[in-house]
>>> print(open('coords05.pdb').read())   # PDB, C-alpha atoms
ATOM      1  CA  MET X 181       8.664 -44.253  63.161
ATOM      2  CA  HIS X 182       8.126 -40.492  63.211
ATOM      3  CA  ALA X 183      11.619 -39.899  61.883
ATOM      4  CA  SER X 184      11.004 -42.310  59.013
ATOM      5  CA  LEU X 185       7.649 -40.708  58.188
ATOM      6  CA  LEU X 186       9.088 -37.205  58.270
ATOM      7  CA  ALA X 187      11.895 -38.290  55.997
ATOM      8  CA  THR X 188       9.373 -39.702  53.527
ATOM      9  CA  LEU X 189       7.318 -36.511  53.613
ATOM     10  CA  LEU X 190      10.423 -34.394  53.142
ATOM     11  CA  LEU X 191      11.347 -36.345  50.032
ATOM     12  CA  VAL X 192       7.833 -35.916  48.691
ATOM     13  CA  PHE X 193       7.890 -32.193  49.450
ATOM     14  CA  GLN X 194      11.188 -31.616  47.699
ATOM     15  CA  GLY X 195      11.455 -33.926  44.766
ATOM     16  CA  GLN X 196       8.340 -35.721  43.649
ATOM     17  CA  PRO X 197       5.998 -33.838  41.307
ATOM     18  CA  GLN X 198       3.262 -36.468  41.602
ATOM     19  CA  LEU X 199       2.480 -39.188  44.110
ATOM     20  CA  ASP X 200       2.525 -42.876  43.272
ATOM     21  CA  SER X 201       0.194 -45.379  44.901
ATOM     22  CA  ALA X 202       2.940 -47.104  46.896
ATOM     23  CA  THR X 203       3.973 -43.812  48.500
ATOM     24  CA  VAL X 204       0.350 -42.978  49.348
ATOM     25  CA  ILE X 205      -0.179 -46.341  51.022
ATOM     26  CA  ARG X 206       3.082 -46.086  52.944
ATOM     27  CA  ILE X 207       2.401 -42.554  54.199
ATOM     28  CA  LEU X 208      -1.233 -43.104  55.163
ATOM     29  CA  SER X 209      -0.402 -46.382  56.900
ATOM     30  CA  GLN X 210       2.222 -44.646  59.002
ATOM     31  CA  LEU X 211      -0.087 -41.742  59.763
ATOM     32  CA  ARG X 212      -2.523 -44.121  61.442
ATOM     33  CA  THR X 213      -0.308 -44.179  64.547
ATOM     34  CA  SER X 214       1.289 -40.733  64.296
ATOM     35  CA  ASP X 215       0.420 -37.808  66.550
ATOM     36  CA  SER X 216      -2.030 -35.131  65.398
ATOM     37  CA  ALA X 217       0.641 -32.565  64.510
ATOM     38  CA  ILE X 218       2.404 -34.967  62.146
ATOM     39  CA  CYS X 219      -0.903 -35.952  60.564
ATOM     40  CA  ALA X 220      -1.886 -32.296  60.111
ATOM     41  CA  LEU X 221       1.442 -31.576  58.405
ATOM     42  CA  ALA X 222       0.951 -34.529  56.102
ATOM     43  CA  GLY X 223      -2.626 -33.506  55.380
ATOM     44  CA  GLN X 224      -1.532 -30.022  54.383
ATOM     45  CA  ALA X 225       1.172 -31.439  52.153
ATOM     46  CA  LEU X 226      -0.933 -34.098  50.480
ATOM     47  CA  THR X 227      -3.899 -31.843  49.730
ATOM     48  CA  ASN X 228      -2.543 -28.291  49.737
ATOM     49  CA  TYR X 229      -5.078 -27.461  52.440
ATOM     50  CA  GLY X 230      -4.750 -26.384  56.084
ATOM     51  CA  GLY X 231      -6.791 -27.453  59.075
ATOM     52  CA  PHE X 232      -9.576 -29.950  59.795
ATOM     53  CA  TRP X 233      -7.383 -33.036  60.043
ATOM     54  CA  GLY X 234      -7.139 -34.902  63.310
ATOM     55  CA  TRP X 235      -8.373 -32.643  66.080
ATOM     56  CA  ALA X 236     -11.479 -33.342  68.103
ATOM     57  CA  TYR X 237     -14.393 -30.893  67.890
ATOM     58  CA  SER X 238     -13.986 -30.219  71.598
ATOM     59  CA  ASP X 239     -10.462 -28.867  71.083
ATOM     60  CA  PRO X 240     -10.765 -25.046  71.024
ATOM     61  CA  ALA X 241      -7.496 -24.776  69.116
ATOM     62  CA  MET X 242      -8.687 -27.008  66.284
ATOM     63  CA  PRO X 243      -7.959 -25.489  62.878
ATOM     64  CA  MET X 244     -11.253 -25.260  61.027
ATOM     65  CA  PRO X 245     -12.001 -25.445  57.306
ATOM     66  CA  GLY X 246     -10.625 -22.473  55.467
ATOM     67  CA  GLY X 247      -7.340 -22.198  57.369
ATOM     68  CA  GLY X 248      -3.976 -21.511  55.783
ATOM     69  CA  GLY X 249      -2.296 -24.221  53.823
ATOM     70  CA  GLY X 250       1.245 -24.044  55.148
ATOM     71  CA  GLY X 251       4.412 -23.378  53.260
ATOM     72  CA  VAL X 252       5.050 -26.736  51.589
ATOM     73  CA  HIS X 253       2.918 -28.941  49.402
ATOM     74  CA  VAL X 254       2.869 -31.801  46.973
ATOM     75  CA  GLU X 255       1.938 -30.894  43.427
ATOM     76  CA  MET X 256      -1.536 -32.287  42.899
ATOM     77  CA  HIS X 257      -2.405 -30.044  39.917
ATOM     78  CA  GLU X 258      -5.820 -28.418  39.670
ATOM     79  CA  ARG X 259      -9.162 -29.811  40.733
ATOM     80  CA  GLY X 260     -10.262 -32.646  38.507
ATOM     81  CA  SER X 261      -9.530 -36.248  37.610
ATOM     82  CA  ASP X 262      -5.920 -35.798  36.529
ATOM     83  CA  ILE X 263      -4.368 -37.988  39.257
ATOM     84  CA  ASN X 264      -3.299 -41.477  38.306
ATOM     85  CA  PRO X 265      -6.258 -43.850  38.895
ATOM     86  CA  ALA X 266      -4.030 -46.138  40.965
ATOM     87  CA  VAL X 267      -3.244 -43.245  43.298
ATOM     88  CA  LEU X 268      -6.948 -42.467  43.693
ATOM     89  CA  ARG X 269      -7.627 -46.111  44.496
ATOM     90  CA  ALA X 270      -4.930 -45.953  47.157
ATOM     91  CA  PHE X 271      -6.621 -42.980  48.815
ATOM     92  CA  ARG X 272     -10.030 -44.626  48.476
ATOM     93  CA  ALA X 273      -8.760 -47.660  50.390
ATOM     94  CA  PHE X 274      -8.389 -45.435  53.476
ATOM     95  CA  ILE X 275     -11.766 -43.677  53.299
ATOM     96  CA  ARG X 276     -13.174 -45.870  56.110
ATOM     97  CA  ASP X 277     -10.042 -45.908  58.217
ATOM     98  CA  ASP X 278     -10.453 -45.715  61.987
ATOM     99  CA  ASN X 279      -8.109 -42.726  62.127
ATOM    100  CA  ARG X 280     -10.139 -39.539  61.556
ATOM    101  CA  CYS X 281      -7.209 -37.567  60.183
ATOM    102  CA  VAL X 282      -6.357 -40.271  57.652
ATOM    103  CA  ARG X 283      -9.989 -40.487  56.542
ATOM    104  CA  ASN X 284     -10.155 -36.736  56.082
ATOM    105  CA  ILE X 285      -7.017 -36.697  53.961
ATOM    106  CA  ALA X 286      -8.521 -39.356  51.717
ATOM    107  CA  ALA X 287     -11.861 -37.497  51.563
ATOM    108  CA  ARG X 288     -10.227 -34.230  50.539
ATOM    109  CA  VAL X 289      -8.169 -35.808  47.773
ATOM    110  CA  LEU X 290     -11.081 -37.832  46.422
ATOM    111  CA  GLY X 291     -13.408 -34.846  46.663
ATOM    112  CA  ARG X 292     -11.058 -32.699  44.642
ATOM    113  CA  HIS X 293      -9.819 -35.258  42.143
ATOM    114  CA  GLY X 294     -12.069 -38.307  42.231
ATOM    115  CA  GLY X 295     -14.584 -37.129  39.659
ATOM    116  CA  SER X 296     -18.281 -37.944  39.617
ATOM    117  CA  SER X 297     -17.779 -41.421  41.098
ATOM    118  CA  ALA X 298     -16.750 -39.815  44.391
ATOM    119  CA  TYR X 299     -20.251 -38.366  44.805
ATOM    120  CA  ASP X 300     -21.828 -41.798  45.249
ATOM    121  CA  LEU X 301     -19.065 -42.798  47.656
ATOM    122  CA  PHE X 302     -19.620 -39.784  49.906
ATOM    123  CA  VAL X 303     -23.418 -40.096  49.842
ATOM    124  CA  THR X 304     -23.047 -43.721  50.926
ATOM    125  CA  LEU X 305     -20.795 -42.617  53.798
ATOM    126  CA  LEU X 306     -23.324 -39.944  54.745
ATOM    127  CA  ARG X 307     -25.871 -42.720  55.345
ATOM    128  CA  ASP X 308     -23.536 -44.952  57.365
ATOM    129  CA  PRO X 309     -24.588 -45.958  60.912
ATOM    130  CA  ARG X 310     -21.214 -44.723  62.192
ATOM    131  CA  PRO X 311     -21.275 -40.945  62.845
ATOM    132  CA  ASP X 312     -17.541 -40.625  62.224
ATOM    133  CA  LEU X 313     -18.001 -41.989  58.702
ATOM    134  CA  ARG X 314     -20.995 -39.717  58.110
ATOM    135  CA  GLU X 315     -18.776 -36.796  59.088
ATOM    136  CA  THR X 316     -16.218 -37.875  56.481
ATOM    137  CA  GLY X 317     -18.969 -38.184  53.897
ATOM    138  CA  ALA X 318     -20.101 -34.618  54.602
ATOM    139  CA  LEU X 319     -16.523 -33.380  54.354
ATOM    140  CA  GLY X 320     -16.047 -35.089  51.005
ATOM    141  CA  LEU X 321     -19.282 -33.680  49.609
ATOM    142  CA  GLY X 322     -18.127 -30.215  50.607
ATOM    143  CA  GLU X 323     -14.929 -30.691  48.634
ATOM    144  CA  LEU X 324     -16.770 -31.884  45.511
ATOM    145  CA  GLU X 325     -18.383 -28.539  44.703
ATOM    146  CA  ASP X 326     -21.193 -30.522  43.104
ATOM    147  CA  SER X 327     -24.667 -28.981  43.215
ATOM    148  CA  ARG X 328     -26.143 -32.442  43.818
ATOM    149  CA  ALA X 329     -24.555 -32.383  47.279
ATOM    150  CA  ILE X 330     -26.877 -29.652  48.559
ATOM    151  CA  THR X 331     -29.876 -31.970  49.078
ATOM    152  CA  PRO X 332     -28.143 -34.714  51.123
ATOM    153  CA  LEU X 333     -26.174 -32.168  53.157
ATOM    154  CA  SER X 334     -29.311 -30.156  53.932
ATOM    155  CA  SER X 335     -31.017 -33.349  55.049
ATOM    156  CA  VAL X 336     -28.142 -34.049  57.438
ATOM    157  CA  LEU X 337     -28.477 -30.562  58.920
ATOM    158  CA  ASP X 338     -32.100 -31.260  59.789
ATOM    159  CA  ARG X 339     -31.964 -34.877  60.906
ATOM    160  CA  ASP X 340     -28.546 -36.200  61.937
ATOM    161  CA  ASP X 341     -28.167 -36.807  65.673
ATOM    162  CA  SER X 342     -24.405 -36.146  65.709
ATOM    163  CA  PRO X 343     -23.275 -32.528  66.295
ATOM    164  CA  ALA X 344     -19.984 -33.265  64.535
ATOM    165  CA  VAL X 345     -21.797 -34.467  61.421
ATOM    166  CA  ARG X 346     -24.182 -31.511  61.389
ATOM    167  CA  MET X 347     -21.347 -29.022  61.828
ATOM    168  CA  THR X 348     -19.352 -30.585  59.010
ATOM    169  CA  ALA X 349     -22.429 -30.429  56.801
ATOM    170  CA  ALA X 350     -22.893 -26.771  57.725
ATOM    171  CA  TRP X 351     -19.308 -26.072  56.688
ATOM    172  CA  ALA X 352     -19.807 -28.006  53.449
ATOM    173  CA  LEU X 353     -22.826 -25.851  52.638
ATOM    174  CA  ASN X 354     -20.778 -22.645  53.016
ATOM    175  CA  ASP X 355     -21.825 -21.732  49.536
ATOM    176  CA  PRO X 356     -21.692 -18.558  47.433
ATOM    177  CA  VAL X 357     -25.500 -18.696  47.460
ATOM    178  CA  LEU X 358     -26.773 -16.457  50.268
ATOM    179  CA  ASP X 359     -29.670 -18.686  51.330
ATOM    180  CA  VAL X 360     -27.339 -21.655  51.730
ATOM    181  CA  ARG X 361     -24.940 -19.671  53.935
ATOM    182  CA  LEU X 362     -27.830 -18.424  56.048
ATOM    183  CA  THR X 363     -29.170 -21.956  56.467
ATOM    184  CA  ALA X 364     -25.767 -23.238  57.528
ATOM    185  CA  VAL X 365     -25.266 -20.492  60.115
ATOM    186  CA  TRP X 366     -28.803 -20.906  61.445
ATOM    187  CA  ALA X 367     -28.200 -24.651  61.816
ATOM    188  CA  LEU X 368     -25.044 -24.043  63.844
ATOM    189  CA  GLY X 369     -27.007 -21.833  66.213
ATOM    190  CA  GLU X 370     -29.661 -24.514  66.592
ATOM    191  CA  ILE X 371     -26.990 -27.079  67.478
ATOM    192  CA  GLU X 372     -25.919 -24.854  70.408
ATOM    193  CA  ASP X 373     -22.476 -26.425  70.690
ATOM    194  CA  ALA X 374     -19.402 -24.325  71.513
ATOM    195  CA  ALA X 375     -17.403 -26.289  68.965
ATOM    196  CA  ALA X 376     -19.247 -24.328  66.265
ATOM    197  CA  VAL X 377     -17.786 -20.991  67.424
ATOM    198  CA  PRO X 378     -14.747 -21.064  65.059
ATOM    199  CA  LEU X 379     -17.044 -21.599  62.073
ATOM    200  CA  LEU X 380     -19.360 -18.830  63.210
ATOM    201  CA  ALA X 381     -16.396 -16.514  63.773
ATOM    202  CA  THR X 382     -15.697 -16.842  60.064
ATOM    203  CA  ALA X 383     -19.347 -16.083  59.275
ATOM    204  CA  THR X 384     -19.179 -12.840  61.305
ATOM    205  CA  LYS X 385     -16.858 -11.533  58.567
ATOM    206  CA  ASP X 386     -19.224 -12.423  55.712
ATOM    207  CA  ARG X 387     -19.771  -9.727  53.076
ATOM    208  CA  GLU X 388     -23.555 -10.069  53.451
ATOM    209  CA  PRO X 389     -25.051  -8.308  56.524
ATOM    210  CA  ARG X 390     -27.751 -10.946  56.961
ATOM    211  CA  VAL X 391     -25.114 -13.638  57.377
ATOM    212  CA  ARG X 392     -23.221 -11.528  59.915
ATOM    213  CA  GLN X 393     -26.441 -10.935  61.835
ATOM    214  CA  ALA X 394     -27.329 -14.627  61.734
ATOM    215  CA  ALA X 395     -23.840 -15.485  62.998
ATOM    216  CA  ALA X 396     -24.290 -13.058  65.896
ATOM    217  CA  TRP X 397     -27.642 -14.654  66.722
ATOM    218  CA  ALA X 398     -26.093 -18.132  66.624
ATOM    219  CA  LEU X 399     -23.263 -17.090  68.947
ATOM    220  CA  GLY X 400     -25.849 -15.733  71.372
ATOM    221  CA  GLU X 401     -27.755 -19.005  71.244
ATOM    222  CA  ILE X 402     -24.605 -20.985  72.008
ATOM    223  CA  GLU X 403     -23.717 -18.706  74.964
ATOM    224  CA  SER X 404     -20.018 -19.621  74.956
ATOM    225  CA  VAL X 405     -17.432 -17.128  76.204
ATOM    226  CA  GLN X 406     -15.438 -18.016  73.088
ATOM    227  CA  GLY X 407     -18.036 -16.021  71.174
ATOM    228  CA  VAL X 408     -17.158 -12.680  72.790
ATOM    229  CA  ALA X 409     -14.109 -11.980  70.620
ATOM    230  CA  PRO X 410     -15.805 -12.536  67.219
ATOM    231  CA  LEU X 411     -18.809 -10.491  68.372
ATOM    232  CA  GLU X 412     -16.788  -7.426  69.373
ATOM    233  CA  PRO X 413     -16.245  -6.116  65.806
ATOM    234  CA  LEU X 414     -19.954  -6.554  65.059
ATOM    235  CA  VAL X 415     -20.793  -4.042  67.804
ATOM    236  CA  ARG X 416     -19.323  -1.451  65.418
ATOM    237  CA  ASP X 417     -20.866  -2.916  62.263
ATOM    238  CA  PRO X 418     -22.250  -0.285  59.857
ATOM    239  CA  VAL X 419     -25.573  -2.151  59.666
ATOM    240  CA  LEU X 420     -27.952  -1.397  62.536
ATOM    241  CA  GLY X 421     -29.500  -4.863  62.737
ATOM    242  CA  VAL X 422     -26.090  -6.490  62.986
ATOM    243  CA  ARG X 423     -25.032  -4.169  65.821
ATOM    244  CA  LYS X 424     -28.206  -4.789  67.815
ATOM    245  CA  THR X 425     -28.030  -8.551  67.421
ATOM    246  CA  ALA X 426     -24.359  -8.598  68.438
ATOM    247  CA  LEU X 427     -25.208  -6.645  71.595
ATOM    248  CA  TRP X 428     -28.058  -9.011  72.381
ATOM    249  CA  ALA X 429     -25.687 -11.958  71.909
ATOM    250  CA  LEU X 430     -23.126 -10.464  74.297
ATOM    251  CA  GLY X 431     -25.859 -10.110  76.895
ATOM    252  CA  GLU X 432     -26.832 -13.748  76.418
ATOM    253  CA  ILE X 433     -23.221 -14.888  76.830
ATOM    254  CA  ASP X 434     -23.172 -12.994  80.147
ATOM    255  CA  ASP X 435     -19.421 -12.628  80.669
ATOM    256  CA  ASP X 436     -17.343  -9.716  82.036
ATOM    257  CA  ARG X 437     -15.182  -9.775  78.913
ATOM    258  CA  ALA X 438     -18.097  -8.236  77.026
ATOM    259  CA  VAL X 439     -18.310  -5.163  79.259
ATOM    260  CA  THR X 440     -15.840  -3.035  77.281
ATOM    261  CA  PRO X 441     -17.581  -3.268  73.874
ATOM    262  CA  LEU X 442     -20.989  -2.901  75.513
ATOM    263  CA  VAL X 443     -19.948   0.234  77.372
ATOM    264  CA  ALA X 444     -18.671   1.707  74.111
ATOM    265  CA  ALA X 445     -22.062   0.971  72.516
ATOM    266  CA  LEU X 446     -23.788   3.145  75.118
ATOM    267  CA  LYS X 447     -22.554   6.073  73.002
ATOM    268  CA  ASP X 448     -23.862   4.729  69.701
ATOM    269  CA  SER X 449     -25.830   7.158  67.541
ATOM    270  CA  ASP X 450     -28.867   4.830  67.434
ATOM    271  CA  ILE X 451     -31.299   4.825  70.352
ATOM    272  CA  GLU X 452     -32.136   1.128  70.109
ATOM    273  CA  VAL X 453     -28.463   0.194  70.056
ATOM    274  CA  ARG X 454     -27.842   2.199  73.221
ATOM    275  CA  ALA X 455     -30.857   0.650  74.934
ATOM    276  CA  THR X 456     -29.818  -2.854  73.925
ATOM    277  CA  ALA X 457     -26.296  -2.226  75.213
ATOM    278  CA  ALA X 458     -27.696  -1.122  78.572
ATOM    279  CA  TRP X 459     -29.914  -4.199  78.726
ATOM    280  CA  ALA X 460     -26.946  -6.459  77.963
ATOM    281  CA  LEU X 461     -24.890  -4.853  80.728
ATOM    282  CA  GLY X 462     -27.760  -5.534  83.089
ATOM    283  CA  GLU X 463     -27.713  -9.179  82.072
ATOM    284  CA  ILE X 464     -24.003  -9.383  82.878
ATOM    285  CA  GLU X 465     -24.488  -7.560  86.217
ATOM    286  CA  SER X 466     -20.887  -6.367  86.341
ATOM    287  CA  PRO X 467     -20.011  -3.443  88.623
ATOM    288  CA  LEU X 468     -17.403  -2.475  86.035
ATOM    289  CA  ALA X 469     -20.204  -0.840  84.040
ATOM    290  CA  ARG X 470     -21.751   1.118  86.912
ATOM    291  CA  GLU X 471     -20.296   4.535  86.075
ATOM    292  CA  GLU X 472     -21.241   4.393  82.392
ATOM    293  CA  LEU X 473     -24.746   3.163  83.191
ATOM    294  CA  GLU X 474     -25.232   5.998  85.644
ATOM    295  CA  ALA X 475     -24.279   8.407  82.868
ATOM    296  CA  ALA X 476     -26.755   6.661  80.545
ATOM    297  CA  GLN X 477     -29.543   7.504  82.989
ATOM    298  CA  SER X 478     -29.290  11.033  81.585
ATOM    299  CA  ASP X 479     -29.655   9.877  77.980
ATOM    300  CA  GLU X 480     -32.003  11.915  75.795
ATOM    301  CA  ALA X 481     -34.038   8.792  75.010
ATOM    302  CA  GLY X 482     -36.444   7.438  77.610
ATOM    303  CA  SER X 483     -35.894   3.822  76.511
ATOM    304  CA  VAL X 484     -32.171   4.151  77.158
ATOM    305  CA  ARG X 485     -32.727   5.761  80.553
ATOM    306  CA  ARG X 486     -35.125   2.993  81.582
ATOM    307  CA  ALA X 487     -32.770   0.264  80.407
ATOM    308  CA  ALA X 488     -29.845   1.847  82.238
ATOM    309  CA  THR X 489     -31.869   2.136  85.457
ATOM    310  CA  TRP X 490     -32.941  -1.489  85.180
ATOM    311  CA  ALA X 491     -29.340  -2.565  84.550
ATOM    312  CA  LEU X 492     -28.079  -0.713  87.605
ATOM    313  CA  ARG X 493     -30.716  -2.445  89.724
ATOM    314  CA  GLN X 494     -29.428  -5.811  88.487
ATOM    315  CA  ILE X 495     -25.920  -4.823  89.484
ATOM    316  CA  GLU X 496     -27.054  -3.658  92.912
ATOM    317  CA  ASP X 497     -29.199  -6.790  93.328
ATOM    318  CA  ASP X 498     -32.178  -4.520  93.770
ATOM    319  CA  HIS X 499     -34.507  -6.375  91.426
ATOM    320  CA  ASP X 500     -38.006  -5.015  91.055
ATOM    321  CA  PRO X 501     -40.317  -7.770  89.709
ATOM    322  CA  ARG X 502     -42.592  -5.110  88.207
ATOM    323  CA  ILE X 503     -39.842  -3.995  85.845
ATOM    324  CA  ARG X 504     -38.859  -6.187  82.925
ATOM    325  CA  ILE X 505     -36.576  -4.937  80.181
ATOM    326  CA  ARG X 506     -36.037  -6.815  76.945
ATOM    327  CA  PRO X 507     -34.374  -5.464  73.807
ATOM    328  CA  ARG X 508     -36.636  -4.871  70.836
ATOM    329  CA  ILE X 509     -34.761  -6.934  68.342
ATOM    330  CA  LYS X 510     -35.420  -9.581  65.745
ATOM    331  CA  ILE X 511     -33.094 -12.224  67.079
ATOM    332  CA  LYS X 512     -33.772 -15.277  64.938
ATOM    333  CA  PRO X 513     -32.696 -14.877  61.291
TER     334      PRO X 513
END
>>> encode(input="coords05.pdb", output="structure tokens")
Amino acid sequence: MHASLLATLLLVFQGQPQLDSATVIRILSQLRTSDSAICALAGQALTNYGGFWGWAYSDPAMPMPGGGGGGVHVEMHERGSDINPAVLRAFRAFIRDDNRCVRNIAARVLGRHGGSSAYDLFVTLLRDPRPDLRETGALGLGELEDSRAITPLSSVLDRDDSPAVRMTAAWALNDPVLDVRLTAVWALGEIEDAAAVPLLATATKDREPRVRQAAAWALGEIESVQGVAPLEPLVRDPVLGVRKTALWALGEIDDDRAVTPLVAALKDSDIEVRATAAWALGEIESPLAREELEAAQSDEAGSVRRAATWALRQIEDDHDPRIRIRPRIKIKP
């Protein structure tokens, strides 16, 4: 079956400028029982879009929205309602399919080409008792780029009991409007699920410092070791608040992999950054930082010296209950 499906896709890739409804039905029907890699390849081809097809949220290697689109594609023209109505009906027939990847392919195509009628379809899915269908509804609304979608997606962020649905809604709200991006990142931190780390890693590269800081806060709330790598560049961010929040987050994650960037931050030009770095190293309690913390005990700033002394006591398991060090930082965005 895989050989037949691949042959069909290859023909579509190479020689068919537009899909017909029979080909859509044949491909999507075969994809129902294909493995995830085949479905991802088909999804990229059918929608000119990479990632977010058939992987589970618990899979750390899952391609997230915004990934590359691959090297081959079917010509679907620009966004709009220019696809043959019969082809759109064929995709719509699979919007409630039991296969998540197949549903997502249909949602992407309908979101990009289904016109205003797709809005009502996706809102209906967003209210479905099945969380997997609500997730597809959120995905479709994100593809629509329709301002009406903001209200139902925001409601899902606040109220839906499925982390997968809330995370998809957060992605869908990844909007050029700053307040929307901040709300989405904040919501991912509130969910406190490691599956949100890939989305937050993207947010750490946002052009707006407040979004980067919020992403750092969210990664600290989640406390997943997967968050160390996207936080490392933020330790060197030009904006002070971003640097401090990233250091706080690394302390919350409490993993030896954060020692290297934290040690480097002990030499930062800002006193509060150095103190926060020392505090974070104390939270991790790694002997790998002992030498640098001992040097920090001679820092010109008293707050840094106190934090370094406290951190060394954590490492030596010489805790003094009278001493409590916490970074002075606005953590929540």
>>> residues_around(input="coords05.pdb", residues="Thr382 of chain X", least_positions_apart="4", cutoff="9 Å", atoms="all atoms listed in the file", output="PyMOL selection string")
chain X and resi 246+377-378+386+395+410
>>> atom_distance(input="coords05.pdb", atom1="atom CA of Val336 of chain X", atom2="atom CA of Thr384 of chain X")
23.3 Å
>>> resolve_selection(input="coords05.pdb", expression="the PyMOL selection byres ((chain X and resi 316-333) around 7)", output="list in words")
Arg283, Asn284, Ala287, Arg288, Gly291, Arg292, Tyr299, Phe302, Val303, Leu305, Leu306, Asp312, Leu313, Arg314, Glu315, Ser334, Ser335, Val336, Leu337, Thr348, Ala349, Ala352 and Leu353 of chain X
>>> residues_around(input="coords05.pdb", residues="Asp450 of chain X", least_positions_apart="3", cutoff="8 Å", atoms="all atoms listed in the file", output="PyMOL selection string")
chain X and resi 420+453-454
>>> atom_distance(input="coords05.pdb", atom1="atom CA of Trp459 of chain X", atom2="atom CA of Ala491 of chain X")
6.1 Å
>>> resolve_selection(input="coords05.pdb", expression="the PyMOL selection byres ((chain X and resi 495) around 9)", output="count of residues only")
18
>>> atom_distance(input="coords05.pdb", atom1="atom CA of His293 of chain X", atom2="atom CA of Ile275 of chain X")
14.1 Å
>>> residues_around(input="coords05.pdb", residues="Asp448 of chain X", least_positions_apart="3", cutoff="12 Å", atoms="all atoms listed in the file", output="number ranges by chain")
X: 415-418, 420, 423-424, 427, 441-445, 451-458, 476, 479, 484
>>> resolve_selection(input="coords05.pdb", expression="the PyMOL selection byres ((chain X and resi 363) around 12)", output="ChimeraX atom specification")
/X:330,333-335,337-338,346-347,349-355,357-362,364-370,383,390-391,394-395,398,512-513
>>> closest_residue(input="coords05.pdb", among="X:Pro309, X:Pro413, X:Gly295, X:Gly223", to="Leu430 of chain X", atoms="only C-alpha atoms")
X:Pro413
>>> residues_around(input="coords05.pdb", residues="Gln477 of chain X", least_positions_apart="2", cutoff="8 Å", atoms="only C-alpha atoms", output="CSV table (one decimal) with C-alpha atoms, in the coordinates of the input")
chain,number,residue,atom,x,y,z
X,473,LEU,CA,-24.7,3.2,83.2
X,474,GLU,CA,-25.2,6.0,85.6
X,475,ALA,CA,-24.3,8.4,82.9
X,479,ASP,CA,-29.7,9.9,78.0
X,484,VAL,CA,-32.2,4.2,77.2
X,485,ARG,CA,-32.7,5.8,80.6
X,486,ARG,CA,-35.1,3.0,81.6
X,488,ALA,CA,-29.8,1.8,82.2
X,489,THR,CA,-31.9,2.1,85.5
>>> closest_residue(input="coords05.pdb", among="X:Asn264, X:Ala381, X:Asp436, X:Arg272", to="Ile205 of chain X", atoms="only C-alpha atoms")
X:Arg272
>>> closest_residue(input="coords05.pdb", among="X:Val422, X:Arg212, X:Val408, X:Ile433", to="Asp278 of chain X", atoms="all atoms listed in the file")
X:Arg212
>>> closest_residue(input="coords05.pdb", among="X:Ala344, X:Ala487, X:Leu226, X:Ala438", to="Val204 of chain X", atoms="all atoms listed in the file")
X:Leu226
>>> build_atoms(input="coords05.pdb", residues="segment 364-375 of chain X", atoms="N, CA and C atoms", output="PDB file, keeping the file's coordinate frame")
ATOM      1  N   ALA X 364     -26.862 -22.605  56.801  1.00  0.00           N
ATOM      2  CA  ALA X 364     -25.767 -23.238  57.528  1.00  0.00           C
ATOM      3  C   ALA X 364     -25.524 -22.554  58.866  1.00  0.00           C
ATOM      4  N   VAL X 365     -25.505 -21.229  58.874  1.00  0.00           N
ATOM      5  CA  VAL X 365     -25.266 -20.492  60.115  1.00  0.00           C
ATOM      6  C   VAL X 365     -26.423 -20.709  61.093  1.00  0.00           C
ATOM      7  N   TRP X 366     -27.640 -20.658  60.585  1.00  0.00           N
ATOM      8  CA  TRP X 366     -28.803 -20.906  61.445  1.00  0.00           C
ATOM      9  C   TRP X 366     -28.716 -22.291  62.086  1.00  0.00           C
ATOM     10  N   ALA X 367     -28.305 -23.288  61.289  1.00  0.00           N
ATOM     11  CA  ALA X 367     -28.200 -24.651  61.816  1.00  0.00           C
ATOM     12  C   ALA X 367     -27.169 -24.744  62.930  1.00  0.00           C
ATOM     13  N   LEU X 368     -26.061 -24.030  62.796  1.00  0.00           N
ATOM     14  CA  LEU X 368     -25.044 -24.043  63.844  1.00  0.00           C
ATOM     15  C   LEU X 368     -25.577 -23.435  65.137  1.00  0.00           C
ATOM     16  N   GLY X 369     -26.397 -22.403  65.018  1.00  0.00           N
ATOM     17  CA  GLY X 369     -27.007 -21.833  66.213  1.00  0.00           C
ATOM     18  C   GLY X 369     -27.978 -22.795  66.868  1.00  0.00           C
ATOM     19  N   GLU X 370     -28.722 -23.538  66.059  1.00  0.00           N
ATOM     20  CA  GLU X 370     -29.661 -24.514  66.592  1.00  0.00           C
ATOM     21  C   GLU X 370     -28.950 -25.654  67.305  1.00  0.00           C
ATOM     22  N   ILE X 371     -27.758 -26.000  66.850  1.00  0.00           N
ATOM     23  CA  ILE X 371     -26.990 -27.079  67.478  1.00  0.00           C
ATOM     24  C   ILE X 371     -26.584 -26.688  68.895  1.00  0.00           C
ATOM     25  N   GLU X 372     -26.287 -25.394  69.101  1.00  0.00           N
ATOM     26  CA  GLU X 372     -25.919 -24.854  70.408  1.00  0.00           C
ATOM     27  C   GLU X 372     -24.736 -25.597  71.020  1.00  0.00           C
ATOM     28  N   ASP X 373     -23.694 -25.762  70.234  1.00  0.00           N
ATOM     29  CA  ASP X 373     -22.476 -26.425  70.690  1.00  0.00           C
ATOM     30  C   ASP X 373     -21.317 -25.459  70.511  1.00  0.00           C
ATOM     31  N   ALA X 374     -20.506 -25.285  71.567  1.00  0.00           N
ATOM     32  CA  ALA X 374     -19.402 -24.325  71.513  1.00  0.00           C
ATOM     33  C   ALA X 374     -18.385 -24.669  70.445  1.00  0.00           C
ATOM     34  N   ALA X 375     -18.343 -25.915  70.012  1.00  0.00           N
ATOM     35  CA  ALA X 375     -17.403 -26.289  68.965  1.00  0.00           C
ATOM     36  C   ALA X 375     -17.695 -25.591  67.646  1.00  0.00           C
TER      37      ALA X 375
END
